[in-house]
$ cat work09.pdb   # PDB, C-alpha atoms, pLDDT in the B column
ATOM      1  CA  MET A   1       0.000   0.000   0.000  1.00 43.00           C
ATOM      2  CA  GLY A   2       2.641   2.510  -0.984  1.00 44.00           C
ATOM      3  CA  THR A   3       0.067   5.075  -2.090  1.00 46.00           C
ATOM      4  CA  GLU A   4      -1.501   5.633   1.329  1.00 49.00           C
ATOM      5  CA  PRO A   5       0.806   8.274   2.809  1.00 51.00           C
ATOM      6  CA  GLY A   6       0.547  10.293  -0.383  1.00 51.00           C
ATOM      7  CA  GLU A   7      -3.226  10.123  -0.268  1.00 54.00           C
ATOM      8  CA  GLN A   8      -3.230  11.378   3.317  1.00 54.00           C
ATOM      9  CA  LYS A   9      -0.973  14.224   2.449  1.00 50.00           C
ATOM     10  CA  ASN A  10      -3.003  15.306  -0.531  1.00 62.00           C
ATOM     11  CA  ARG A  11      -6.388  15.276   1.136  1.00 68.00           C
ATOM     12  CA  TYR A  12      -6.331  18.952   2.064  1.00 67.00           C
ATOM     13  CA  LEU A  13      -5.048  20.004  -1.325  1.00 63.00           C
ATOM     14  CA  ARG A  14      -7.592  17.855  -3.079  1.00 61.00           C
ATOM     15  CA  TYR A  15     -10.425  19.625  -1.258  1.00 60.00           C
ATOM     16  CA  LEU A  16      -8.927  22.989  -1.921  1.00 57.00           C
ATOM     17  CA  GLU A  17      -8.435  22.394  -5.596  1.00 57.00           C
ATOM     18  CA  VAL A  18     -11.476  20.349  -6.471  1.00 55.00           C
ATOM     19  CA  VAL A  19     -14.299  21.517  -4.206  1.00 56.00           C
ATOM     20  CA  THR A  20     -14.150  25.241  -4.853  1.00 56.00           C
ATOM     21  CA  GLY A  21     -10.849  25.929  -6.471  1.00 60.00           C
ATOM     22  CA  SER A  22     -10.739  29.314  -4.759  1.00 75.00           C
ATOM     23  CA  LEU A  23      -7.385  30.992  -5.210  1.00 80.00           C
ATOM     24  CA  GLU A  24      -7.908  33.089  -2.109  1.00 81.00           C
ATOM     25  CA  GLU A  25      -8.386  29.951  -0.019  1.00 82.00           C
ATOM     26  CA  LYS A  26      -5.300  28.361  -1.472  1.00 85.00           C
ATOM     27  CA  ARG A  27      -3.342  31.472  -0.639  1.00 89.00           C
ATOM     28  CA  ARG A  28      -4.639  31.496   2.946  1.00 89.00           C
ATOM     29  CA  TYR A  29      -3.883  27.792   3.276  1.00 90.00           C
ATOM     30  CA  ARG A  30      -0.306  28.292   2.104  1.00 92.00           C
ATOM     31  CA  GLN A  31       0.130  31.229   4.488  1.00 93.00           C
ATOM     32  CA  CYS A  32      -0.983  29.026   7.396  1.00 93.00           C
ATOM     33  CA  LYS A  33       1.430  26.288   6.381  1.00 93.00           C
ATOM     34  CA  GLU A  34       4.268  28.808   6.290  1.00 95.00           C
ATOM     35  CA  ARG A  35       3.328  30.193   9.701  1.00 95.00           C
ATOM     36  CA  ILE A  36       3.200  26.658  11.117  1.00 95.00           C
ATOM     37  CA  GLU A  37       6.664  25.975   9.746  1.00 96.00           C
ATOM     38  CA  ARG A  38       8.020  28.979  11.641  1.00 95.00           C
ATOM     39  CA  LEU A  39       6.681  27.736  15.017  1.00 96.00           C
ATOM     40  CA  PRO A  40       9.035  26.218  17.619  1.00 96.00           C
ATOM     41  CA  HIS A  41       9.529  22.516  16.969  1.00 95.00           C
ATOM     42  CA  ASP A  42       7.242  21.133  19.717  1.00 95.00           C
ATOM     43  CA  TYR A  43       4.383  23.525  18.876  1.00 96.00           C
ATOM     44  CA  ARG A  44       4.754  22.693  15.218  1.00 96.00           C
ATOM     45  CA  THR A  45       4.621  18.960  15.935  1.00 96.00           C
ATOM     46  CA  ALA A  46       1.474  19.514  18.014  1.00 96.00           C
ATOM     47  CA  VAL A  47      -0.261  21.530  15.279  1.00 95.00           C
ATOM     48  CA  GLU A  48       0.600  18.905  12.686  1.00 94.00           C
ATOM     49  CA  ALA A  49      -0.722  16.134  14.930  1.00 94.00           C
ATOM     50  CA  LEU A  50      -3.964  18.069  15.459  1.00 93.00           C
ATOM     51  CA  GLN A  51      -4.194  18.749  11.751  1.00 89.00           C
ATOM     52  CA  ARG A  52      -3.859  15.060  11.054  1.00 89.00           C
ATOM     53  CA  TYR A  53      -6.647  14.262  13.522  1.00 89.00           C
ATOM     54  CA  MET A  54      -8.832  16.917  11.961  1.00 85.00           C
ATOM     55  CA  GLN A  55      -8.300  15.542   8.474  1.00 80.00           C
ATOM     56  CA  HIS A  56     -10.261  12.520   9.643  1.00 79.00           C
ATOM     57  CA  PHE A  57     -12.869  14.094  11.885  1.00 79.00           C
ATOM     58  CA  GLY A  58     -13.028  17.727  10.842  1.00 77.00           C
ATOM     59  CA  PRO A  59     -14.832  19.642   8.129  1.00 78.00           C
ATOM     60  CA  ASP A  60     -14.489  18.471   4.547  1.00 75.00           C
ATOM     61  CA  GLN A  61     -15.250  21.791   2.902  1.00 76.00           C
ATOM     62  CA  SER A  62     -12.350  23.968   1.963  1.00 77.00           C
ATOM     63  CA  GLU A  63     -13.831  27.156   3.387  1.00 80.00           C
ATOM     64  CA  SER A  64     -14.329  25.890   6.930  1.00 83.00           C
ATOM     65  CA  LEU A  65     -11.157  23.834   6.668  1.00 85.00           C
ATOM     66  CA  VAL A  66      -9.060  26.912   6.002  1.00 88.00           C
ATOM     67  CA  ALA A  67     -10.902  28.919   8.682  1.00 89.00           C
ATOM     68  CA  MET A  68     -10.182  26.129  11.160  1.00 91.00           C
ATOM     69  CA  LEU A  69      -6.527  25.917  10.233  1.00 92.00           C
ATOM     70  CA  ALA A  70      -6.142  29.703  10.506  1.00 92.00           C
ATOM     71  CA  ASP A  71      -7.707  29.741  13.989  1.00 93.00           C
ATOM     72  CA  LEU A  72      -5.518  26.848  15.075  1.00 94.00           C
ATOM     73  CA  THR A  73      -2.424  28.626  13.779  1.00 94.00           C
ATOM     74  CA  ASP A  74      -3.431  31.825  15.624  1.00 92.00           C
ATOM     75  CA  LEU A  75      -3.725  29.890  18.880  1.00 94.00           C
ATOM     76  CA  PHE A  76      -0.324  28.241  18.628  1.00 95.00           C
ATOM     77  CA  GLU A  77       1.473  31.363  17.425  1.00 93.00           C
ATOM     78  CA  GLN A  78       0.034  33.355  20.312  1.00 91.00           C
ATOM     79  CA  SER A  79       0.795  30.600  22.823  1.00 93.00           C
ATOM     80  CA  ALA A  80       4.376  30.297  21.598  1.00 93.00           C
ATOM     81  CA  ALA A  81       4.799  34.096  21.845  1.00 90.00           C
ATOM     82  CA  ASP A  82       3.388  34.119  25.398  1.00 88.00           C
ATOM     83  CA  GLY A  83       5.538  31.132  26.373  1.00 91.00           C
ATOM     84  CA  ILE A  84       2.579  29.006  27.425  1.00 92.00           C
ATOM     85  CA  PRO A  85       3.709  25.393  27.880  1.00 94.00           C
ATOM     86  CA  LEU A  86       2.278  23.020  25.307  1.00 95.00           C
ATOM     87  CA  ARG A  87       0.544  20.892  27.948  1.00 94.00           C
ATOM     88  CA  GLN A  88      -1.286  23.951  29.163  1.00 93.00           C
ATOM     89  CA  VAL A  89      -2.408  24.773  25.623  1.00 95.00           C
ATOM     90  CA  VAL A  90      -3.897  21.399  24.705  1.00 94.00           C
ATOM     91  CA  GLY A  91      -4.724  20.178  28.214  1.00 93.00           C
ATOM     92  CA  GLU A  92      -4.518  16.717  29.729  1.00 92.00           C
ATOM     93  CA  ASP A  93      -6.744  15.267  27.021  1.00 92.00           C
ATOM     94  CA  PRO A  94      -5.838  16.556  23.546  1.00 93.00           C
ATOM     95  CA  VAL A  95      -8.804  14.693  22.020  1.00 92.00           C
ATOM     96  CA  GLU A  96     -11.195  16.644  24.220  1.00 89.00           C
ATOM     97  CA  PHE A  97      -9.598  19.891  23.072  1.00 92.00           C
ATOM     98  CA  ALA A  98      -9.623  18.790  19.417  1.00 92.00           C
ATOM     99  CA  GLU A  99     -13.312  17.860  19.587  1.00 88.00           C
ATOM    100  CA  ALA A 100     -14.299  21.126  21.312  1.00 88.00           C
ATOM    101  CA  PHE A 101     -12.375  22.968  18.642  1.00 91.00           C
ATOM    102  CA  LEU A 102     -13.832  20.969  15.721  1.00 88.00           C
ATOM    103  CA  ARG A 103     -17.413  21.620  16.732  1.00 86.00           C
ATOM    104  CA  ASN A 104     -16.979  25.261  15.701  1.00 88.00           C
ATOM    105  CA  TYR A 105     -16.675  24.458  12.030  1.00 86.00           C
ATOM    106  CA  PRO A 106     -19.545  23.365   9.820  1.00 77.00           C
ATOM    107  CA  GLY A 107     -19.450  20.418   7.467  1.00 70.00           C
ATOM    108  CA  GLY A 108     -17.771  17.251   8.450  1.00 70.00           C
ATOM    109  CA  SER A 109     -16.402  13.855   7.893  1.00 71.00           C
ATOM    110  CA  TRP A 110     -18.658  10.844   7.482  1.00 77.00           C
ATOM    111  CA  ILE A 111     -18.615  10.254  11.233  1.00 77.00           C
ATOM    112  CA  ARG A 112     -20.115  13.670  11.927  1.00 77.00           C
ATOM    113  CA  ARG A 113     -22.669  13.176   9.172  1.00 80.00           C
ATOM    114  CA  GLU A 114     -23.669   9.891  10.803  1.00 85.00           C
ATOM    115  CA  ARG A 115     -24.086  11.626  14.190  1.00 83.00           C
ATOM    116  CA  ASP A 116     -26.329  14.216  12.530  1.00 84.00           C
ATOM    117  CA  ARG A 117     -28.255  11.467  10.768  1.00 89.00           C
ATOM    118  CA  LEU A 118     -28.855   9.640  14.059  1.00 92.00           C
ATOM    119  CA  THR A 119     -30.070  12.826  15.761  1.00 90.00           C
ATOM    120  CA  LYS A 120     -32.370  13.712  12.859  1.00 92.00           C
ATOM    121  CA  THR A 121     -33.827  10.220  12.560  1.00 94.00           C
ATOM    122  CA  ILE A 122     -34.603  10.053  16.266  1.00 94.00           C
ATOM    123  CA  ASP A 123     -36.091  13.559  16.142  1.00 92.00           C
ATOM    124  CA  ARG A 124     -38.286  12.533  13.237  1.00 92.00           C
ATOM    125  CA  VAL A 125     -39.643   9.307  14.683  1.00 92.00           C
ATOM    126  CA  ALA A 126     -39.905  10.613  18.232  1.00 90.00           C
ATOM    127  CA  ASP A 127     -41.850  13.665  17.069  1.00 81.00           C
ATOM    128  CA  GLY A 128     -43.914  11.508  14.740  1.00 70.00           C
ATOM    129  CA  MET A 129     -45.050   9.259  17.593  1.00 50.00           C
ATOM    130  CA  GLN A 130     -46.106  12.099  19.886  1.00 44.00           C
TER     131      GLN A 130
ATOM    132  CA  MET B 131     -18.729  19.300  35.338  1.00 49.00           C
ATOM    133  CA  LEU B 132     -17.554  22.566  33.829  1.00 57.00           C
ATOM    134  CA  LYS B 133     -18.643  21.849  30.275  1.00 60.00           C
ATOM    135  CA  GLY B 134     -21.972  23.629  30.393  1.00 71.00           C
ATOM    136  CA  THR B 135     -20.906  26.443  32.676  1.00 88.00           C
ATOM    137  CA  LEU B 136     -17.572  27.480  31.187  1.00 90.00           C
ATOM    138  CA  GLU B 137     -19.330  29.512  28.507  1.00 92.00           C
ATOM    139  CA  GLY B 138     -21.300  31.420  31.151  1.00 94.00           C
ATOM    140  CA  ILE B 139     -18.169  31.964  33.244  1.00 93.00           C
ATOM    141  CA  VAL B 140     -16.270  33.398  30.278  1.00 95.00           C
ATOM    142  CA  LEU B 141     -19.162  35.684  29.290  1.00 96.00           C
ATOM    143  CA  ALA B 142     -19.434  36.835  32.920  1.00 95.00           C
ATOM    144  CA  ILE B 143     -15.712  37.683  32.984  1.00 95.00           C
ATOM    145  CA  LEU B 144     -16.115  39.660  29.748  1.00 96.00           C
ATOM    146  CA  ALA B 145     -19.127  41.479  31.203  1.00 95.00           C
ATOM    147  CA  SER B 146     -16.856  43.347  33.606  1.00 94.00           C
ATOM    148  CA  ARG B 147     -14.091  44.195  31.119  1.00 94.00           C
ATOM    149  CA  PRO B 148     -12.710  43.285  27.671  1.00 96.00           C
ATOM    150  CA  ALA B 149      -9.975  40.643  27.711  1.00 96.00           C
ATOM    151  CA  TYR B 150      -7.892  38.448  25.447  1.00 92.00           C
ATOM    152  CA  GLY B 151      -7.667  34.673  25.602  1.00 90.00           C
ATOM    153  CA  TYR B 152      -4.666  34.282  27.853  1.00 89.00           C
ATOM    154  CA  GLU B 153      -6.011  36.820  30.379  1.00 92.00           C
ATOM    155  CA  ILE B 154      -9.185  34.789  30.677  1.00 94.00           C
ATOM    156  CA  THR B 155      -7.310  31.514  31.199  1.00 92.00           C
ATOM    157  CA  ALA B 156      -5.020  33.226  33.753  1.00 91.00           C
ATOM    158  CA  TRP B 157      -8.086  34.556  35.591  1.00 93.00           C
ATOM    159  CA  LEU B 158      -9.570  31.052  35.711  1.00 92.00           C
ATOM    160  CA  ARG B 159      -6.303  29.514  36.906  1.00 90.00           C
ATOM    161  CA  ASP B 160      -5.917  32.119  39.658  1.00 93.00           C
ATOM    162  CA  ARG B 161      -9.316  31.117  40.951  1.00 90.00           C
ATOM    163  CA  GLY B 162      -8.558  27.419  41.053  1.00 90.00           C
ATOM    164  CA  PHE B 163      -9.849  26.209  37.684  1.00 88.00           C
ATOM    165  CA  THR B 164      -6.396  24.798  37.018  1.00 84.00           C
ATOM    166  CA  GLU B 165      -7.416  21.956  34.739  1.00 84.00           C
ATOM    167  CA  ILE B 166      -8.748  24.201  31.970  1.00 88.00           C
ATOM    168  CA  ALA B 167      -6.638  24.137  28.816  1.00 91.00           C
ATOM    169  CA  GLU B 168      -5.788  27.360  27.028  1.00 93.00           C
ATOM    170  CA  GLY B 169      -7.007  25.706  23.825  1.00 94.00           C
ATOM    171  CA  THR B 170     -10.403  24.875  25.309  1.00 92.00           C
ATOM    172  CA  VAL B 171     -10.949  28.507  26.297  1.00 94.00           C
ATOM    173  CA  TYR B 172      -9.779  29.540  22.838  1.00 94.00           C
ATOM    174  CA  ALA B 173     -12.233  27.130  21.159  1.00 93.00           C
ATOM    175  CA  LEU B 174     -14.986  28.643  23.286  1.00 94.00           C
ATOM    176  CA  LEU B 175     -13.954  32.174  22.304  1.00 95.00           C
ATOM    177  CA  VAL B 176     -14.049  31.191  18.622  1.00 94.00           C
ATOM    178  CA  ARG B 177     -17.560  29.856  19.161  1.00 93.00           C
ATOM    179  CA  ILE B 178     -18.964  32.886  20.978  1.00 95.00           C
ATOM    180  CA  GLU B 179     -17.414  35.102  18.303  1.00 95.00           C
ATOM    181  CA  GLN B 180     -19.093  33.056  15.556  1.00 93.00           C
ATOM    182  CA  ARG B 181     -22.415  33.341  17.373  1.00 94.00           C
ATOM    183  CA  GLY B 182     -22.068  37.108  17.581  1.00 96.00           C
ATOM    184  CA  LEU B 183     -22.029  37.322  21.404  1.00 97.00           C
ATOM    185  CA  VAL B 184     -18.799  39.330  21.523  1.00 97.00           C
ATOM    186  CA  ASP B 185     -17.085  42.089  19.587  1.00 97.00           C
ATOM    187  CA  VAL B 186     -13.487  41.472  18.657  1.00 95.00           C
ATOM    188  CA  GLU B 187     -10.693  43.991  18.265  1.00 95.00           C
ATOM    189  CA  LYS B 188      -7.195  43.143  17.066  1.00 93.00           C
ATOM    190  CA  VAL B 189      -4.606  44.867  19.222  1.00 91.00           C
ATOM    191  CA  PRO B 190      -0.898  44.828  18.324  1.00 90.00           C
ATOM    192  CA  SER B 191       1.404  43.164  20.884  1.00 83.00           C
ATOM    193  CA  GLU B 192       5.155  43.622  21.438  1.00 81.00           C
ATOM    194  CA  LYS B 193       5.833  39.943  21.016  1.00 77.00           C
ATOM    195  CA  GLY B 194       4.072  37.718  18.525  1.00 77.00           C
ATOM    196  CA  PRO B 195       0.963  38.302  16.419  1.00 82.00           C
ATOM    197  CA  PRO B 196      -1.783  40.848  17.251  1.00 87.00           C
ATOM    198  CA  ARG B 197      -4.034  39.823  20.136  1.00 89.00           C
ATOM    199  CA  LYS B 198      -7.762  39.426  19.726  1.00 92.00           C
ATOM    200  CA  VAL B 199      -9.456  41.353  22.501  1.00 95.00           C
ATOM    201  CA  TYR B 200     -13.025  40.254  23.204  1.00 97.00           C
ATOM    202  CA  SER B 201     -15.772  42.421  24.663  1.00 97.00           C
ATOM    203  CA  LEU B 202     -19.362  41.499  25.434  1.00 97.00           C
ATOM    204  CA  ASN B 203     -21.967  43.101  23.124  1.00 97.00           C
ATOM    205  CA  ASP B 204     -25.748  43.485  23.588  1.00 97.00           C
ATOM    206  CA  GLU B 205     -26.389  40.058  22.118  1.00 97.00           C
ATOM    207  CA  GLY B 206     -23.905  38.566  24.584  1.00 97.00           C
ATOM    208  CA  ARG B 207     -25.426  40.456  27.527  1.00 97.00           C
ATOM    209  CA  GLY B 208     -28.825  38.998  26.655  1.00 96.00           C
ATOM    210  CA  TYR B 209     -27.313  35.530  26.462  1.00 95.00           C
ATOM    211  CA  LEU B 210     -25.561  36.005  29.805  1.00 96.00           C
ATOM    212  CA  GLU B 211     -28.859  37.029  31.416  1.00 96.00           C
ATOM    213  CA  GLU B 212     -30.391  33.756  30.178  1.00 94.00           C
ATOM    214  CA  PHE B 213     -27.396  31.864  31.549  1.00 94.00           C
ATOM    215  CA  TRP B 214     -27.867  33.399  35.027  1.00 95.00           C
ATOM    216  CA  LYS B 215     -31.561  32.454  34.974  1.00 95.00           C
ATOM    217  CA  THR B 216     -30.711  28.850  34.116  1.00 92.00           C
ATOM    218  CA  TRP B 217     -27.976  28.870  36.729  1.00 93.00           C
ATOM    219  CA  SER B 218     -30.272  30.227  39.473  1.00 94.00           C
ATOM    220  CA  PHE B 219     -32.837  27.586  38.654  1.00 94.00           C
ATOM    221  CA  LEU B 220     -30.232  24.828  38.765  1.00 91.00           C
ATOM    222  CA  SER B 221     -28.665  25.984  42.025  1.00 93.00           C
ATOM    223  CA  GLU B 222     -32.085  26.403  43.715  1.00 95.00           C
ATOM    224  CA  GLN B 223     -33.085  22.902  42.700  1.00 94.00           C
ATOM    225  CA  LEU B 224     -29.799  21.474  43.950  1.00 94.00           C
ATOM    226  CA  GLU B 225     -30.056  23.379  47.224  1.00 95.00           C
ATOM    227  CA  GLU B 226     -33.547  21.999  47.735  1.00 95.00           C
ATOM    228  CA  LEU B 227     -32.312  18.474  47.086  1.00 95.00           C
ATOM    229  CA  ARG B 228     -29.514  18.959  49.580  1.00 94.00           C
ATOM    230  CA  GLU B 229     -31.880  20.269  52.245  1.00 93.00           C
ATOM    231  CA  GLU B 230     -34.262  17.370  51.668  1.00 91.00           C
ATOM    232  CA  GLY B 231     -31.350  14.980  51.989  1.00 88.00           C
ATOM    233  CA  ASN B 232     -30.159  16.609  55.219  1.00 86.00           C
ATOM    234  CA  GLY B 233     -33.716  16.802  56.564  1.00 76.00           C
ATOM    235  CA  SER B 234     -34.288  13.067  56.258  1.00 64.00           C
ATOM    236  CA  GLY B 235     -31.353  12.429  58.564  1.00 53.00           C
ATOM    237  CA  HIS B 236     -32.892  14.239  61.544  1.00 52.00           C
TER     238      HIS B 236
END

$ encode --input "work09.pdb" --output "structure tokens"
Amino acid sequence: MGTEPGEQKNRYLRYLEVVTGSLEEKRRYRQCKERIERLPHDYRTAVEALQRYMQHFGPDQSESLVAMLADLTDLFEQSAADGIPLRQVVGEDPVEFAEAFLRNYPGGSWIRRERDRLTKTIDRVADGMQ
Amino acid sequence: MLKGTLEGIVLAILASRPAYGYEITAWLRDRGFTEIAEGTVYALLVRIEQRGLVDVEKVPSEKGPPRKVYSLNDEGRGYLEEFWKTWSFLSEQLEELREEGNGSGH
């Protein structure tokens, strides 16, 4: 399965280029990537790990994807500038932080669509039976 | 435990004065909410900004990027009022339960 890492890596770009093809979004995405590269090593590793998690569970539309990445970059740049230890930024449970953060951005991976589907189906039948 | 109330706490802090993210987390830590992550407060600030409960001003800082300073707007004040109502209801109900529990022991 030699193609898998490449597929992972290209997922963001694929959305950006295929879904809307907005040049402005591509520019903002590249700016974020450059800002992330300038972060101290441990902060950068953390952002990249969060980004990876969000590729699977986060929004799948380029607009909210770029907005999310920009907000995430803001947080880590500011935290690095203020000297806030990484543990204090992401907390004891990074998944909890990542999920709280993800909920702010519309659209989503299949798993979020399935959660919405469950909620809607129950709403429909529960209301229908009343 | 804090999940539902953190939003109200942050809005209440902003009701007294504008603040940026780190100031809010520092305030919380000073008062014993030590387990709250900076990122969690930040995620909450992003959310209340999206919902139009706060006004945001970018203020330059000596070190690092400009800071986003948040202040409560009318929409946010209305929301905070609702939060206090819900909170009063909850705390009254809990107090009653506690009294009932204590009462049965006598």

$ residues_around --input "work09.pdb" --residues "Tyr53 in chain A" --least-positions-apart "6" --cutoff "12 Å" --atoms "all atoms listed in the file" --output "list in words"
Gln8, Ala46, Val47, Pro59, Pro94, Val95, Glu96, Phe97, Ala98, Glu99, Phe101, Leu102 and Ser109 of chain A

$ closest_atom_pairs --input "work09.pdb" --of "chain A" --to "chain B" --cutoff "6 Å" --atoms "all atoms listed in the file" --output "tab-separated table"
residue	atom	partner	partner_atom	distance
A:Ala81	CA	B:Gly194	CA	5.0
A:Gln88	CA	B:Ala167	CA	5.4
A:Val89	CA	B:Glu168	CA	4.5
A:Val90	CA	B:Gly169	CA	5.4
A:Gly91	CA	B:Ala167	CA	4.4
A:Phe97	CA	B:Thr170	CA	5.5
A:Phe101	CA	B:Ala173	CA	4.9
A:Asn104	CA	B:Arg177	CA	5.8

$ resolve_selection --input "work09.pdb" --expression "the PyMOL selection byres ((chain A and resi 24-32) around 8)" --output "list in words"
Leu16, Glu17, Gly21, Ser22, Leu23, Lys33, Glu34, Arg35, Ile36, Ser62, Glu63, Val66, Leu69, Ala70 and Thr73 of chain A

$ atom_distance --input "work09.pdb" --atom1 "CA of Ala100 in chain A" --atom2 "CA of Pro190 in chain B"
27.4 Å

$ closest_residue --input "work09.pdb" --among "A:Ala126, A:Arg117, A:Tyr105, A:Arg38" --to "Asp71 in chain A" --atoms "only C-alpha atoms"
A:Tyr105

$ atom_distance --input "work09.pdb" --atom1 "CA of Phe57 in chain A" --atom2 "CA of Glu37 in chain A"
23.0 Å

$ resolve_selection --input "work09.pdb" --expression "the PyMOL selection byres ((chain B and resi 210) around 10)" --output "NGL selection string"
:B and (137-142 or 145 or 183 or 202 or 204-209 or 211-216)

$ write_last_selection --input "work09.pdb" --atoms "C-alpha atoms" --output "compact mmCIF listing (two decimals), keeping the file's coordinate frame"
# COMPACT_ATOMS: atom_id res chain seq x y z
CA GLU B 137 -19.33 29.51 28.51
CA GLY B 138 -21.30 31.42 31.15
CA ILE B 139 -18.17 31.96 33.24
CA VAL B 140 -16.27 33.40 30.28
CA LEU B 141 -19.16 35.68 29.29
CA ALA B 142 -19.43 36.84 32.92
CA ALA B 145 -19.13 41.48 31.20
CA LEU B 183 -22.03 37.32 21.40
CA LEU B 202 -19.36 41.50 25.43
CA ASP B 204 -25.75 43.48 23.59
CA GLU B 205 -26.39 40.06 22.12
CA GLY B 206 -23.90 38.57 24.58
CA ARG B 207 -25.43 40.46 27.53
CA GLY B 208 -28.82 39.00 26.66
CA TYR B 209 -27.31 35.53 26.46
CA GLU B 211 -28.86 37.03 31.42
CA GLU B 212 -30.39 33.76 30.18
CA PHE B 213 -27.40 31.86 31.55
CA TRP B 214 -27.87 33.40 35.03
CA LYS B 215 -31.56 32.45 34.97
CA THR B 216 -30.71 28.85 34.12

$ closest_residue --input "work09.pdb" --among "A:Leu39, A:Arg103, A:Arg87, A:Glu77" --to "Met54 in chain A" --atoms "only C-alpha atoms"
A:Arg103

$ closest_residue --input "work09.pdb" --among "B:Glu226, B:Trp217, B:Val199, B:Arg159" --to "Thr135 in chain B" --atoms "all atoms listed in the file"
B:Trp217

$ closest_residue --input "work09.pdb" --among "B:Glu229, B:Tyr200, B:Val186, B:Gly162" --to "Tyr150 in chain B" --atoms "all atoms listed in the file"
B:Tyr200

$ atom_distance --input "work09.pdb" --atom1 "CA of Gln78 in chain A" --atom2 "CA of Val189 in chain B"
12.5 Å

$ closest_residue --input "work09.pdb" --among "A:Ala67, A:Gln55, A:Asp82, A:Tyr43" --to "Ala156 in chain B" --atoms "all atoms listed in the file"
A:Asp82

$ closest_residue --input "work09.pdb" --among "B:Ser201, B:Ser221, B:Phe163, B:Val184" --to "Leu136 in chain B" --atoms "only C-alpha atoms"
B:Phe163

$ build_atoms --input "work09.pdb" --residues "range 56-61 of chain A" --atoms "all heavy atoms" --output "compact mmCIF listing (two decimals), in the coordinates of the input"
# COMPACT_ATOMS: atom_id res chain seq x y z
N HIS A 56 -9.34 13.66 9.58
CA HIS A 56 -10.26 12.52 9.64
C HIS A 56 -11.62 12.90 10.20
O HIS A 56 -12.63 12.38 9.79
CB HIS A 56 -9.65 11.42 10.50
CG HIS A 56 -8.46 10.79 9.85
ND1 HIS A 56 -8.59 9.86 8.85
CD2 HIS A 56 -7.14 10.99 10.03
CE1 HIS A 56 -7.38 9.50 8.44
NE2 HIS A 56 -6.48 10.18 9.14
N PHE A 57 -11.63 13.82 11.18
CA PHE A 57 -12.87 14.09 11.88
C PHE A 57 -13.42 15.50 11.63
O PHE A 57 -14.54 15.80 12.01
CB PHE A 57 -12.66 13.89 13.39
CG PHE A 57 -12.21 12.50 13.71
CD1 PHE A 57 -10.89 12.25 14.07
CD2 PHE A 57 -13.09 11.43 13.63
CE1 PHE A 57 -10.47 10.96 14.36
CE2 PHE A 57 -12.68 10.15 13.91
CZ PHE A 57 -11.36 9.90 14.28
N GLY A 58 -12.64 16.32 11.01
CA GLY A 58 -13.03 17.73 10.84
C GLY A 58 -13.83 17.98 9.59
O GLY A 58 -14.27 17.05 8.92
N PRO A 59 -14.04 19.27 9.30
CA PRO A 59 -14.83 19.64 8.13
C PRO A 59 -14.19 19.17 6.83
O PRO A 59 -12.97 19.07 6.75
CB PRO A 59 -14.86 21.17 8.19
CG PRO A 59 -13.73 21.57 9.04
CD PRO A 59 -13.49 20.44 9.99
N ASP A 60 -15.03 18.91 5.83
CA ASP A 60 -14.49 18.47 4.55
C ASP A 60 -14.76 19.50 3.46
O ASP A 60 -14.72 19.21 2.29
CB ASP A 60 -15.04 17.09 4.16
CG ASP A 60 -16.55 17.08 4.13
OD1 ASP A 60 -17.15 18.14 4.39
OD2 ASP A 60 -17.13 16.02 3.86
N GLN A 61 -15.08 20.73 3.88
CA GLN A 61 -15.25 21.79 2.90
C GLN A 61 -14.10 22.77 3.06
O GLN A 61 -13.72 23.10 4.17
CB GLN A 61 -16.58 22.52 3.12
CG GLN A 61 -17.77 21.67 2.73
CD GLN A 61 -18.94 21.89 3.66
OE1 GLN A 61 -18.93 22.83 4.46
NE2 GLN A 61 -19.93 21.04 3.55
